[in-house]
>>> print(open('start-v3.txt').read())   # compact mmCIF, C-alpha atoms
# COMPACT_ATOMS: atom_id res chain seq x y z
CA MET A 1 -36.18 -33.36 -15.68
CA PRO A 2 -37.27 -30.96 -12.95
CA GLY A 3 -34.49 -29.25 -11.05
CA ALA A 4 -34.33 -28.76 -7.31
CA GLY A 5 -37.61 -27.33 -6.05
CA GLY A 6 -39.50 -28.73 -9.09
CA THR A 7 -38.37 -26.04 -11.54
CA THR A 8 -37.72 -27.10 -15.15
CA HIS A 9 -35.45 -25.37 -17.67
CA ARG A 10 -38.47 -24.18 -19.65
CA ASP A 11 -40.27 -22.91 -16.55
CA ALA A 12 -37.21 -21.05 -15.37
CA HIS A 13 -36.76 -19.43 -18.78
CA ARG A 14 -40.44 -18.49 -18.97
CA MET A 15 -40.52 -17.01 -15.46
CA GLY A 16 -37.35 -15.08 -16.17
CA SER A 17 -34.49 -14.87 -13.73
CA LYS A 18 -33.43 -11.62 -12.13
CA TYR A 19 -29.83 -12.77 -12.20
CA PRO A 20 -27.82 -10.84 -14.81
CA ARG A 21 -27.31 -12.21 -18.26
CA SER A 22 -24.18 -14.24 -18.78
CA LEU A 23 -20.95 -12.25 -19.01
CA ARG A 24 -19.42 -14.98 -21.13
CA SER A 25 -19.58 -12.88 -24.29
CA CYS A 26 -17.70 -9.88 -22.89
CA LEU A 27 -15.79 -10.58 -19.66
CA PRO A 28 -13.32 -13.14 -21.07
CA VAL A 29 -12.75 -11.07 -24.22
CA TRP A 30 -12.00 -7.87 -22.32
CA THR A 31 -9.87 -9.61 -19.71
CA LEU A 32 -7.82 -11.70 -22.13
CA MET A 33 -7.24 -8.77 -24.48
CA LEU A 34 -6.05 -6.69 -21.54
CA GLU A 35 -3.75 -9.46 -20.35
CA VAL A 36 -2.27 -9.89 -23.84
CA ALA A 37 -1.68 -6.13 -23.97
CA PHE A 38 0.10 -6.28 -20.61
CA ILE A 39 2.31 -9.14 -21.81
CA LEU A 40 3.31 -7.20 -24.93
CA ILE A 41 4.05 -4.03 -22.95
CA PHE A 42 6.14 -5.98 -20.44
CA PHE A 43 7.99 -7.63 -23.35
CA PHE A 44 8.90 -4.41 -25.13
CA PHE A 45 9.13 -1.85 -22.34
CA THR A 46 10.38 -3.52 -19.15
CA SER A 47 13.54 -5.12 -17.85
CA TYR A 48 14.70 -6.52 -14.52
CA ASP A 49 17.04 -4.64 -12.22
CA MET A 50 20.40 -6.41 -12.54
CA THR A 51 22.37 -4.32 -10.05
CA ALA A 52 24.04 -6.29 -7.29
CA LYS A 53 22.55 -6.06 -3.80
CA ASN A 54 23.69 -7.52 -0.52
CA HIS A 55 21.84 -10.48 0.91
CA LYS A 56 20.39 -8.53 3.84
CA THR A 57 18.77 -5.93 1.56
CA VAL A 58 17.22 -8.59 -0.65
CA ARG A 59 15.80 -10.49 2.32
CA THR A 60 14.37 -7.30 3.82
CA GLU A 61 12.66 -6.35 0.55
CA GLN A 62 11.26 -9.88 0.20
CA ALA A 63 9.88 -9.78 3.74
CA LEU A 64 8.21 -6.40 3.17
CA LEU A 65 6.70 -7.57 -0.12
CA HIS A 66 5.37 -10.65 1.67
CA ASP A 67 3.82 -8.52 4.41
CA VAL A 68 2.00 -6.15 2.09
CA THR A 69 0.79 -9.03 -0.11
CA VAL A 70 -0.68 -10.80 2.92
CA MET A 71 -2.45 -7.58 3.87
CA ALA A 72 -3.91 -7.14 0.40
CA ALA A 73 -4.82 -10.72 -0.49
CA LEU A 74 -5.81 -12.19 2.88
CA GLY A 75 -6.46 -9.14 5.05
CA LEU A 76 -8.64 -7.05 2.76
CA GLY A 77 -10.00 -10.18 1.06
CA PHE A 78 -11.42 -11.74 4.22
CA LEU A 79 -12.30 -8.39 5.81
CA THR A 80 -15.17 -7.95 3.35
CA SER A 81 -16.39 -11.56 3.47
CA SER A 82 -18.97 -11.22 6.25
CA LEU A 83 -22.08 -10.96 4.04
CA TRP A 84 -23.94 -14.24 4.44
CA ARG A 85 -24.61 -14.76 0.70
CA TYR A 86 -21.65 -12.94 -0.80
CA SER A 87 -18.53 -14.46 0.77
CA TRP A 88 -17.18 -16.27 -2.32
CA SER A 89 -17.31 -13.16 -4.47
CA SER A 90 -15.81 -10.96 -1.74
CA VAL A 91 -12.62 -12.99 -1.47
CA ALA A 92 -12.22 -14.03 -5.12
CA PHE A 93 -13.03 -10.65 -6.67
CA ASN A 94 -10.60 -9.02 -4.24
CA PHE A 95 -7.89 -11.39 -5.47
CA PHE A 96 -8.78 -10.67 -9.12
CA MET A 97 -8.55 -6.90 -8.58
CA LEU A 98 -5.24 -7.25 -6.71
CA ALA A 99 -3.62 -9.37 -9.43
CA LEU A 100 -4.79 -7.03 -12.19
CA GLY A 101 -4.04 -3.85 -10.27
CA VAL A 102 -0.44 -4.80 -9.46
CA GLN A 103 0.36 -5.39 -13.14
CA TRP A 104 -1.08 -2.05 -14.18
CA ALA A 105 0.46 -0.15 -11.25
CA VAL A 106 3.97 -1.48 -12.01
CA LEU A 107 3.75 -0.16 -15.57
CA LEU A 108 2.00 3.08 -14.67
CA ASP A 109 4.41 4.04 -11.88
CA GLY A 110 7.38 3.26 -14.10
CA PHE A 111 6.15 5.36 -17.01
CA LEU A 112 5.13 8.25 -14.74
CA GLU A 113 8.48 8.35 -12.94
CA GLN A 114 10.64 7.92 -16.07
CA PRO A 115 8.48 8.86 -19.08
CA PHE A 116 11.35 9.12 -21.57
CA SER A 117 13.71 6.42 -20.28
CA GLY A 118 12.66 3.78 -22.80
CA LYS A 119 12.22 0.84 -20.44
CA VAL A 120 10.79 0.44 -16.98
CA VAL A 121 13.29 -1.20 -14.63
CA ILE A 122 11.44 -3.62 -12.36
CA LYS A 123 12.70 -3.93 -8.79
CA GLN A 124 11.18 -5.57 -5.76
CA SER A 125 10.59 -2.12 -4.33
CA ARG A 126 8.54 -1.20 -7.40
CA ILE A 127 6.33 -4.27 -6.92
CA GLN A 128 5.91 -3.32 -3.23
CA GLN A 129 4.65 0.13 -4.20
CA ALA A 130 2.46 -1.34 -6.94
CA THR A 131 0.83 -3.69 -4.43
CA MET A 132 0.21 -0.80 -2.06
CA SER A 133 -1.28 1.27 -4.90
CA ALA A 134 -3.57 -1.62 -5.89
CA MET A 135 -4.87 -1.67 -2.32
CA SER A 136 -6.63 1.62 -3.05
CA VAL A 137 -9.09 -0.27 -5.26
CA LEU A 138 -9.56 -3.04 -2.68
CA ILE A 139 -10.52 -0.41 -0.09
CA SER A 140 -12.86 1.50 -2.42
CA ALA A 141 -14.59 -1.66 -3.66
CA GLY A 142 -15.89 -2.23 -0.14
CA ALA A 143 -18.30 0.69 -0.61
CA ILE A 144 -20.01 -1.04 -3.56
CA LEU A 145 -19.50 -4.59 -2.31
CA GLY A 146 -22.15 -6.89 -3.77
CA LYS A 147 -23.46 -4.34 -6.27
CA ALA A 148 -20.99 -4.63 -9.18
CA ASN A 149 -19.99 -7.47 -11.47
CA LEU A 150 -16.44 -8.48 -12.34
CA LEU A 151 -16.38 -6.49 -15.58
CA GLN A 152 -17.32 -3.30 -13.75
CA LEU A 153 -14.62 -3.99 -11.16
CA LEU A 154 -12.06 -4.49 -13.95
CA VAL A 155 -12.85 -1.01 -15.30
CA MET A 156 -12.71 0.40 -11.77
CA VAL A 157 -9.23 -1.09 -11.23
CA LEU A 158 -7.83 0.57 -14.35
CA ILE A 159 -9.33 3.98 -13.58
CA GLU A 160 -8.61 4.10 -9.84
CA VAL A 161 -5.02 2.87 -10.04
CA THR A 162 -4.42 5.45 -12.78
CA ALA A 163 -6.00 8.24 -10.71
CA PHE A 164 -4.08 7.25 -7.58
CA GLY A 165 -0.79 7.07 -9.48
CA ALA A 166 -1.46 10.47 -11.05
CA MET A 167 -2.29 11.94 -7.63
CA ARG A 168 0.96 10.64 -6.15
CA MET A 169 2.97 11.96 -9.08
CA MET A 170 1.32 15.40 -8.86
CA GLY A 171 2.02 15.50 -5.15
CA LYS A 172 5.68 14.66 -5.64
CA GLN A 173 6.20 16.99 -8.61
CA PHE A 174 4.29 20.07 -7.46
CA LEU A 175 3.98 19.70 -3.68
CA PHE A 176 7.34 17.98 -3.10
CA MET A 177 5.78 15.12 -1.13
CA ASP A 178 7.92 12.09 -0.38
CA ASP A 179 6.88 8.53 -1.26
CA HIS A 180 5.72 7.80 2.28
CA LEU A 181 3.29 10.70 2.65
CA SER A 182 1.90 10.36 -0.86
CA MET A 183 1.16 6.69 -0.18
CA MET A 184 -0.28 7.22 3.31
CA HIS A 185 -3.05 9.38 1.85
CA ILE A 186 -4.33 6.20 0.21
CA HIS A 187 -7.01 5.77 2.91
CA VAL A 188 -8.55 9.21 2.35
CA PHE A 189 -8.33 8.93 -1.44
CA ALA A 190 -9.80 5.42 -1.57
CA ALA A 191 -12.59 6.16 0.90
CA TYR A 192 -13.85 9.24 -0.92
CA PHE A 193 -13.45 7.50 -4.27
CA GLY A 194 -15.53 4.55 -3.06
CA ILE A 195 -18.20 6.71 -1.42
CA THR A 196 -18.65 8.73 -4.62
CA VAL A 197 -19.00 5.57 -6.71
CA ALA A 198 -21.51 4.27 -4.15
CA TRP A 199 -23.48 7.51 -4.51
CA CYS A 200 -23.64 6.97 -8.28
CA PHE A 201 -24.91 3.43 -7.58
CA SER A 202 -27.59 4.72 -5.19
CA ARG A 203 -30.86 2.87 -5.71
CA PRO A 204 -33.52 1.86 -3.19
CA LEU A 205 -32.81 -1.67 -1.99
CA PRO A 206 -35.76 -4.07 -2.16
CA LYS A 207 -36.64 -6.12 0.90
CA GLY A 208 -34.83 -9.23 -0.35
CA ALA A 209 -31.61 -7.33 -0.95
CA GLU A 210 -31.78 -5.70 2.48
CA GLU A 211 -32.07 -9.13 4.07
CA LYS A 212 -28.97 -10.35 2.22
CA ASP A 213 -27.02 -7.28 3.35
CA GLN A 214 -26.63 -8.92 6.75
CA ARG A 215 -23.73 -10.56 8.53
CA ALA A 216 -23.68 -14.23 9.47
CA THR A 217 -21.69 -15.96 12.20
CA SER A 218 -19.32 -18.09 10.12
CA PRO A 219 -18.54 -15.41 7.46
CA SER A 220 -18.03 -12.86 10.25
CA LEU A 221 -15.42 -15.17 11.74
CA PHE A 222 -13.57 -15.17 8.41
CA ALA A 223 -13.86 -11.37 8.32
CA MET A 224 -12.28 -11.31 11.78
CA LEU A 225 -9.44 -13.41 10.36
CA GLY A 226 -8.89 -10.70 7.73
CA THR A 227 -8.92 -8.07 10.50
CA LEU A 228 -6.21 -9.98 12.38
CA PHE A 229 -4.03 -10.27 9.26
CA LEU A 230 -4.28 -6.52 8.72
CA TRP A 231 -3.68 -5.81 12.41
CA MET A 232 -0.49 -7.89 12.46
CA PHE A 233 1.09 -6.52 9.29
CA TRP A 234 -0.01 -2.86 9.44
CA PRO A 235 3.31 -1.71 11.00
CA SER A 236 5.11 -2.94 7.88
CA PHE A 237 2.69 -1.01 5.66
CA ASN A 238 3.20 2.24 7.57
CA SER A 239 6.99 1.97 7.62
CA MET A 240 7.73 0.44 4.22
CA LEU A 241 8.48 3.62 2.23
CA LEU A 242 10.43 5.50 4.91
CA THR A 243 14.09 6.07 4.07
CA THR A 244 16.02 6.03 7.37
CA GLU A 245 16.30 3.38 10.04
CA ALA A 246 15.18 5.78 12.78
CA GLU A 247 12.03 6.76 10.88
CA ARG A 248 11.13 3.13 10.20
CA LYS A 249 11.62 2.25 13.86
CA ASN A 250 9.39 5.13 14.96
CA ALA A 251 6.70 4.16 12.46
CA VAL A 252 6.65 0.50 13.52
CA LEU A 253 6.48 1.26 17.25
CA ASN A 254 3.89 4.02 16.91
CA THR A 255 1.69 1.83 14.71
CA TYR A 256 1.77 -0.98 17.27
CA TYR A 257 0.80 1.39 20.09
CA ALA A 258 -2.03 2.95 18.07
CA LEU A 259 -3.38 -0.44 16.96
CA ALA A 260 -3.29 -1.84 20.48
CA VAL A 261 -5.22 1.10 21.93
CA SER A 262 -7.76 1.15 19.10
CA ALA A 263 -8.42 -2.59 19.56
CA VAL A 264 -9.11 -2.28 23.29
CA THR A 265 -11.11 0.91 22.82
CA ALA A 266 -13.20 -0.55 19.99
CA ILE A 267 -14.29 -3.58 22.00
CA SER A 268 -15.11 -1.45 25.04
CA LEU A 269 -17.04 1.19 23.10
CA SER A 270 -18.99 -1.41 21.16
CA ALA A 271 -20.23 -2.91 24.42
CA LEU A 272 -21.01 0.56 25.77
CA ALA A 273 -23.09 1.42 22.71
CA HIS A 274 -25.38 -1.61 23.13
CA PRO A 275 -28.31 -1.45 25.62
CA GLN A 276 -27.41 -4.90 27.00
CA GLY A 277 -23.65 -4.35 26.79
CA LYS A 278 -23.14 -6.80 23.91
CA ILE A 279 -20.28 -6.43 21.44
CA ASN A 280 -21.02 -5.89 17.74
CA MET A 281 -18.65 -7.90 15.55
CA THR A 282 -19.00 -5.42 12.68
CA HIS A 283 -17.72 -2.66 14.97
CA ILE A 284 -14.68 -4.78 15.73
CA HIS A 285 -13.94 -5.36 12.04
CA ASN A 286 -13.99 -1.62 11.44
CA ALA A 287 -12.61 0.07 14.55
CA VAL A 288 -9.80 -2.33 15.53
CA LEU A 289 -7.80 -1.11 12.51
CA ALA A 290 -8.57 2.59 12.96
CA GLY A 291 -5.39 3.28 14.90
CA GLY A 292 -3.18 1.94 12.11
CA VAL A 293 -4.98 4.11 9.57
CA ALA A 294 -4.79 7.28 11.68
CA VAL A 295 -1.12 6.95 12.57
CA GLY A 296 -0.01 6.23 8.98
CA ALA A 297 0.81 9.74 7.73
CA PRO A 298 2.49 11.09 10.92
CA SER A 299 3.98 7.76 12.07
CA GLN A 300 7.63 8.80 11.74
CA LEU A 301 7.03 12.26 13.27
CA ILE A 302 5.59 10.99 16.57
CA SER A 303 8.39 10.97 19.12
CA SER A 304 6.48 9.62 22.14
CA PRO A 305 4.19 6.59 22.57
CA TRP A 306 1.42 8.51 24.33
CA LEU A 307 0.59 10.54 21.21
CA ALA A 308 0.26 7.39 19.11
CA MET A 309 -1.99 5.95 21.82
CA VAL A 310 -4.16 9.08 21.82
CA LEU A 311 -4.49 8.79 18.05
CA GLY A 312 -5.53 5.15 18.37
CA PHE A 313 -8.12 6.05 21.00
CA MET A 314 -9.57 8.93 18.98
CA ALA A 315 -9.63 6.89 15.76
CA ALA A 316 -11.56 4.04 17.43
CA LEU A 317 -13.98 6.55 18.93
CA ILE A 318 -14.58 8.17 15.53
CA THR A 319 -15.04 4.81 13.81
CA ILE A 320 -17.51 3.43 16.36
CA GLY A 321 -19.44 6.71 16.26
CA GLY A 322 -19.44 6.62 12.47
CA ALA A 323 -20.63 3.02 12.41
CA LYS A 324 -23.57 3.94 14.67
CA CYS A 325 -24.61 7.21 13.00
CA LEU A 326 -23.37 7.50 9.41
CA PRO A 327 -25.31 4.60 7.80
CA LEU A 328 -28.58 6.10 8.99
CA CYS A 329 -27.64 9.65 7.98
CA PHE A 330 -26.24 8.63 4.61
CA GLY A 331 -29.19 6.39 3.86
CA ARG A 332 -31.81 9.05 4.60
CA MET A 333 -30.14 12.24 3.42
CA LEU A 334 -27.88 11.20 0.54
CA ASN A 335 -29.21 7.73 -0.31
CA ILE A 336 -25.66 6.33 -0.14
CA HIS A 337 -25.23 2.69 0.82
CA ASP A 338 -21.66 2.03 1.99
CA THR A 339 -21.66 -1.75 2.25
CA SER A 340 -18.44 -2.19 4.25
CA GLY A 341 -18.34 1.15 6.05
CA VAL A 342 -15.38 2.38 4.02
CA LEU A 343 -15.86 6.02 5.04
CA TYR A 344 -15.67 5.49 8.80
CA THR A 345 -13.20 2.58 8.62
CA PHE A 346 -10.62 4.28 6.40
CA GLY A 347 -11.77 7.76 5.40
CA LEU A 348 -12.36 9.46 8.76
CA PRO A 349 -9.34 7.91 10.58
CA GLY A 350 -7.21 8.76 7.52
CA LEU A 351 -8.45 12.35 7.68
CA LEU A 352 -7.55 12.43 11.39
CA GLY A 353 -4.04 11.22 10.54
CA GLY A 354 -3.63 13.82 7.79
CA ILE A 355 -4.65 16.66 10.14
CA THR A 356 -2.33 15.31 12.84
CA ASN A 357 0.53 15.27 10.34
CA ILE A 358 -0.09 18.95 9.54
CA ILE A 359 -0.14 19.85 13.27
CA LEU A 360 3.10 17.95 13.97
CA ILE A 361 4.87 19.68 11.08
CA LEU A 362 3.65 23.02 12.43
CA ASP A 363 4.94 22.15 15.90
CA ALA A 364 8.34 21.08 14.56
CA ASN A 365 8.84 24.16 12.36
CA TRP A 366 7.04 26.98 14.18
CA THR A 367 10.27 28.89 14.80
CA LYS A 368 11.48 28.60 11.21
CA THR A 369 10.85 31.09 8.43
CA PHE A 370 9.42 28.53 5.99
CA MET A 371 6.79 27.31 8.48
CA PHE A 372 3.80 28.58 6.47
CA TYR A 373 5.21 27.12 3.28
CA GLN A 374 5.47 23.68 4.92
CA GLU A 375 1.94 23.98 6.25
CA LEU A 376 0.62 24.98 2.85
CA ILE A 377 2.32 22.01 1.23
CA SER A 378 0.96 19.55 3.81
CA THR A 379 -2.57 20.96 3.62
CA GLY A 380 -2.42 20.91 -0.17
CA ALA A 381 -1.36 17.25 -0.16
CA LEU A 382 -4.35 16.22 1.98
CA SER A 383 -6.74 18.37 -0.05
CA LEU A 384 -5.39 16.91 -3.29
CA SER A 385 -6.11 13.36 -2.13
CA ILE A 386 -9.71 14.25 -1.23
CA ALA A 387 -10.32 16.19 -4.46
CA MET A 388 -8.82 13.48 -6.67
CA GLY A 389 -10.80 10.79 -4.87
CA LEU A 390 -14.08 12.65 -5.34
CA ALA A 391 -13.45 13.60 -8.97
CA ALA A 392 -12.16 10.20 -10.09
CA GLY A 393 -14.90 8.43 -8.12
CA LEU A 394 -17.61 10.51 -9.80
CA LEU A 395 -16.19 9.78 -13.26
CA THR A 396 -15.93 6.07 -12.47
CA GLY A 397 -19.42 5.86 -10.97
CA LEU A 398 -21.03 7.52 -13.98
CA LEU A 399 -19.11 5.25 -16.34
CA LEU A 400 -19.99 2.06 -14.44
CA ASN A 401 -23.68 2.96 -14.60
CA LEU A 402 -23.72 2.45 -18.37
CA LYS A 403 -25.82 -0.53 -19.45
CA ILE A 404 -23.02 -2.08 -21.49
CA TRP A 405 -21.50 -3.58 -18.32
CA ARG A 406 -24.60 -5.71 -17.60
CA ALA A 407 -24.71 -4.81 -13.94
CA PRO A 408 -26.55 -7.13 -11.51
CA HIS A 409 -30.25 -6.48 -11.02
CA VAL A 410 -30.87 -4.59 -7.77
CA ALA A 411 -32.91 -7.54 -6.46
CA LYS A 412 -29.82 -9.75 -6.80
CA TYR A 413 -27.33 -7.55 -4.98
CA PHE A 414 -25.14 -9.28 -2.37
CA ASP A 415 -25.69 -12.71 -3.95
CA ASP A 416 -23.00 -15.16 -5.01
CA GLN A 417 -25.47 -16.99 -7.26
CA ALA A 418 -25.21 -14.14 -9.76
CA PHE A 419 -21.59 -15.06 -10.52
CA TRP A 420 -20.77 -18.56 -9.32
CA GLU A 421 -21.79 -22.07 -10.30
CA PHE A 422 -24.01 -23.78 -7.76
CA PRO A 423 -24.79 -27.23 -9.26
CA HIS A 424 -27.05 -28.26 -6.36
CA LEU A 425 -29.45 -25.33 -6.81
CA ALA A 426 -32.41 -24.95 -9.13
CA VAL A 427 -31.75 -24.34 -12.82
CA GLY A 428 -32.37 -20.88 -14.18
CA PHE A 429 -29.92 -19.12 -11.87
>>> encode(input="start-v3.txt", output="structure tokens")
Amino acid sequence: MPGAGGTTHRDAHRMGSKYPRSLRSCLPVWTLMLEVAFILIFFFFTSYDMTAKNHKTVRTEQALLHDVTVMAALGLGFLTSSLWRYSWSSVAFNFFMLALGVQWAVLLDGFLEQPFSGKVVIKQSRIQQATMSAMSVLISAGAILGKANLLQLLVMVLIEVTAFGAMRMMGKQFLFMDDHLSMMHIHVFAAYFGITVAWCFSRPLPKGAEEKDQRATSPSLFAMLGTLFLWMFWPSFNSMLLTTEAERKNAVLNTYYALAVSAVTAISLSALAHPQGKINMTHIHNAVLAGGVAVGAPSQLISSPWLAMVLGFMAALITIGGAKCLPLCFGRMLNIHDTSGVLYTFGLPGLLGGITNIILILDANWTKTFMFYQELISTGALSLSIAMGLAAGLLTGLLLNLKIWRAPHVAKYFDDQAFWEFPHLAVGF
């Protein structure tokens, strides 16, 4: 019987589809073997924390874990769902990477922190940090959104979570960074990692693929929903790993101020950048969050609201400017296609926050004898995150370019039909 559009099974096979060959022979095998390995490792090498805690502490940890999970699953999931033919894959693949990344990050962080202890003790705080670490992959994947299959993303999760965990451990062991600062460099690390992988994926996009790399009204509304989830819960992300009540309070308040200013600034600048004064929804998705990214590293050091507001203003300005200029420059000079604008959404505001953190430390310690030592440590921490992101991204990009992963054909980038069942469409897809 002919399928929709009059195409028969034989005709479709003879014409040949540009959709990738089925991953049935390799994706389930790799995934299930990995999951069985995780189960065995958890069985032999992990145990729950059985120490008694008061009710208030438990409830606080549960609330923070809830906040960061909402950011990762709903916020980053819907944020990348604005492509008009790639919304299913954006949300579902994000969820897949999160679920896989958390499992691996829990084990990796435990073994790196206590390599000879025998068993990894699992606490709620460890799962919080593992979820935050897994968010590095969710950010980076935005740079190659629509250009990789699920098997390639699985490999990317394992490599990037490992590289990010190793970077944090090196920072804490050799540069004496605390948990907060090592985690707040996630934006810079993930952005440069994703951009480097995107460079390795650089291929000229055919006309059909360029048309699908467009935003549609309904998916953009869902992407705005993801933006709002991230906007609401970002203060929890920036304050989660701080140790004192005063630092957490400062981080929460400063993040709110920075986010508020970046939201107002982003909408205003987007209208200013258009000849008819119209607002670009993609600019809003990117720049509204810039303040939260920029204020992350120095959040507890900022003692006055005006500085957080200045950071939010500058971050939105940088992000809107990047959204207008960088795609054209990258496309012509370096042939890099950053699907979700990861560099100017996370990378540049994160770099602004890292530099601000260095300046604030200099201002607080300029009369002390160890000032230059503190500055060297802070500069080294930021440089380490950039270097590790670039190096690990290059390794991952070269590995993912191997033919064994059965990557999507370039003509079928940004297309859900390559991965999902659509019974109402013509056979052969």
>>> atom_distance(input="start-v3.txt", atom1="CA of Gly347 in chain A", atom2="CA of Val188 in chain A")
4.7 Å
>>> residues_around(input="start-v3.txt", residues="Leu289 in chain A", least_positions_apart="4", cutoff="8 Å", atoms="all atoms listed in the file", output="list in words")
Thr227, Leu230, Trp231, Leu259, Ser262, Ala263, His285, Val293 and Thr345 of chain A
>>> atom_distance(input="start-v3.txt", atom1="CA of Leu253 in chain A", atom2="CA of Leu352 in chain A")
18.9 Å
>>> residues_around(input="start-v3.txt", residues="Leu241 in chain A", least_positions_apart="6", cutoff="10 Å", atoms="only C-alpha atoms", output="MDAnalysis selection string")
chainID A and resid 125 128:129 178:184 247:248
>>> write_last_selection(input="start-v3.txt", atoms="C-alpha atoms", output="PDB file, keeping the file's coordinate frame")
ATOM      1  CA  SER A 125      10.590  -2.120  -4.330  1.00  0.00           C
ATOM      2  CA  GLN A 128       5.910  -3.320  -3.230  1.00  0.00           C
ATOM      3  CA  GLN A 129       4.650   0.130  -4.200  1.00  0.00           C
ATOM      4  CA  ASP A 178       7.920  12.090  -0.380  1.00  0.00           C
ATOM      5  CA  ASP A 179       6.880   8.530  -1.260  1.00  0.00           C
ATOM      6  CA  HIS A 180       5.720   7.800   2.280  1.00  0.00           C
ATOM      7  CA  LEU A 181       3.290  10.700   2.650  1.00  0.00           C
ATOM      8  CA  SER A 182       1.900  10.360  -0.860  1.00  0.00           C
ATOM      9  CA  MET A 183       1.160   6.690  -0.180  1.00  0.00           C
ATOM     10  CA  MET A 184      -0.280   7.220   3.310  1.00  0.00           C
ATOM     11  CA  GLU A 247      12.030   6.760  10.880  1.00  0.00           C
ATOM     12  CA  ARG A 248      11.130   3.130  10.200  1.00  0.00           C
TER      13      ARG A 248
END
>>> atom_distance(input="start-v3.txt", atom1="CA of Leu362 in chain A", atom2="CA of Gly380 in chain A")
14.1 Å
>>> closest_residue(input="start-v3.txt", among="A:Gly226, A:Gly101, A:Pro235, A:Gly354", to="Ile159 in chain A", atoms="all atoms listed in the file")
A:Gly101
>>> residues_around(input="start-v3.txt", residues="Leu79 in chain A", least_positions_apart="5", cutoff="10 Å", atoms="only C-alpha atoms", output="PyMOL selection string")
chain A and resi 74+90-91+142+219-230+285-286+340
>>> write_last_selection(input="start-v3.txt", atoms="C-alpha atoms", output="JSON list (two decimals), in the frame of the given file")
[["chain", "number", "residue", "atom", "x", "y", "z"],
["A", 74, "LEU", "CA", -5.81, -12.19, 2.88],
["A", 90, "SER", "CA", -15.81, -10.96, -1.74],
["A", 91, "VAL", "CA", -12.62, -12.99, -1.47],
["A", 142, "GLY", "CA", -15.89, -2.23, -0.14],
["A", 219, "PRO", "CA", -18.54, -15.41, 7.46],
["A", 220, "SER", "CA", -18.03, -12.86, 10.25],
["A", 221, "LEU", "CA", -15.42, -15.17, 11.74],
["A", 222, "PHE", "CA", -13.57, -15.17, 8.41],
["A", 223, "ALA", "CA", -13.86, -11.37, 8.32],
["A", 224, "MET", "CA", -12.28, -11.31, 11.78],
["A", 225, "LEU", "CA", -9.44, -13.41, 10.36],
["A", 226, "GLY", "CA", -8.89, -10.70, 7.73],
["A", 227, "THR", "CA", -8.92, -8.07, 10.50],
["A", 228, "LEU", "CA", -6.21, -9.98, 12.38],
["A", 229, "PHE", "CA", -4.03, -10.27, 9.26],
["A", 230, "LEU", "CA", -4.28, -6.52, 8.72],
["A", 285, "HIS", "CA", -13.94, -5.36, 12.04],
["A", 286, "ASN", "CA", -13.99, -1.62, 11.44],
["A", 340, "SER", "CA", -18.44, -2.19, 4.25]]
>>> closest_residue(input="start-v3.txt", among="A:Thr356, A:Thr379, A:Ser239, A:Ser268", to="Ile302 in chain A", atoms="only C-alpha atoms")
A:Thr356
>>> residues_around(input="start-v3.txt", residues="Phe111 in chain A", least_positions_apart="2", cutoff="12 Å", atoms="all atoms listed in the file", output="PyMOL selection string")
chain A and resi 41-42+45-46+104-109+113-122+126+162+165-166+169
>>> write_last_selection(input="start-v3.txt", atoms="C-alpha atoms", output="short mmCIF file (atom, residue, chain, number, x, y, z; two decimals), in the frame of the given file")
data_model
loop_
_atom_site.label_atom_id
_atom_site.label_comp_id
_atom_site.auth_asym_id
_atom_site.auth_seq_id
_atom_site.Cartn_x
_atom_site.Cartn_y
_atom_site.Cartn_z
CA ILE A 41 4.05 -4.03 -22.95
CA PHE A 42 6.14 -5.98 -20.44
CA PHE A 45 9.13 -1.85 -22.34
CA THR A 46 10.38 -3.52 -19.15
CA TRP A 104 -1.08 -2.05 -14.18
CA ALA A 105 0.46 -0.15 -11.25
CA VAL A 106 3.97 -1.48 -12.01
CA LEU A 107 3.75 -0.16 -15.57
CA LEU A 108 2.00 3.08 -14.67
CA ASP A 109 4.41 4.04 -11.88
CA GLU A 113 8.48 8.35 -12.94
CA GLN A 114 10.64 7.92 -16.07
CA PRO A 115 8.48 8.86 -19.08
CA PHE A 116 11.35 9.12 -21.57
CA SER A 117 13.71 6.42 -20.28
CA GLY A 118 12.66 3.78 -22.80
CA LYS A 119 12.22 0.84 -20.44
CA VAL A 120 10.79 0.44 -16.98
CA VAL A 121 13.29 -1.20 -14.63
CA ILE A 122 11.44 -3.62 -12.36
CA ARG A 126 8.54 -1.20 -7.40
CA THR A 162 -4.42 5.45 -12.78
CA GLY A 165 -0.79 7.07 -9.48
CA ALA A 166 -1.46 10.47 -11.05
CA MET A 169 2.97 11.96 -9.08
#
>>> closest_residue(input="start-v3.txt", among="A:His185, A:Asn401, A:Cys200, A:Thr244", to="Ile355 in chain A", atoms="only C-alpha atoms")
A:His185
>>> residues_around(input="start-v3.txt", residues="Leu334 in chain A", least_positions_apart="6", cutoff="10 Å", atoms="all atoms listed in the file", output="PyMOL selection string")
chain A and resi 199+202+328
>>> write_last_selection(input="start-v3.txt", atoms="C-alpha atoms", output="mmCIF file, keeping the file's coordinate frame")
data_model
loop_
_atom_site.group_PDB
_atom_site.id
_atom_site.type_symbol
_atom_site.label_atom_id
_atom_site.label_comp_id
_atom_site.auth_asym_id
_atom_site.auth_seq_id
_atom_site.Cartn_x
_atom_site.Cartn_y
_atom_site.Cartn_z
ATOM 1 C CA TRP A 199 -23.480 7.510 -4.510
ATOM 2 C CA SER A 202 -27.590 4.720 -5.190
ATOM 3 C CA LEU A 328 -28.580 6.100 8.990
#
>>> closest_atom_pairs(input="start-v3.txt", of="range 198-308 of chain A", to="range 131-136 of chain A", cutoff="12 Å", atoms="only C-alpha atoms", output="CSV")
residue,atom,partner,partner_atom,distance
A:Trp234,CA,A:Met132,CA,11.7
A:Ser236,CA,A:Met132,CA,11.3
A:Phe237,CA,A:Met132,CA,8.1
A:Asn238,CA,A:Met132,CA,10.5
A:Met240,CA,A:Met132,CA,9.9
A:Leu241,CA,A:Met132,CA,10.3
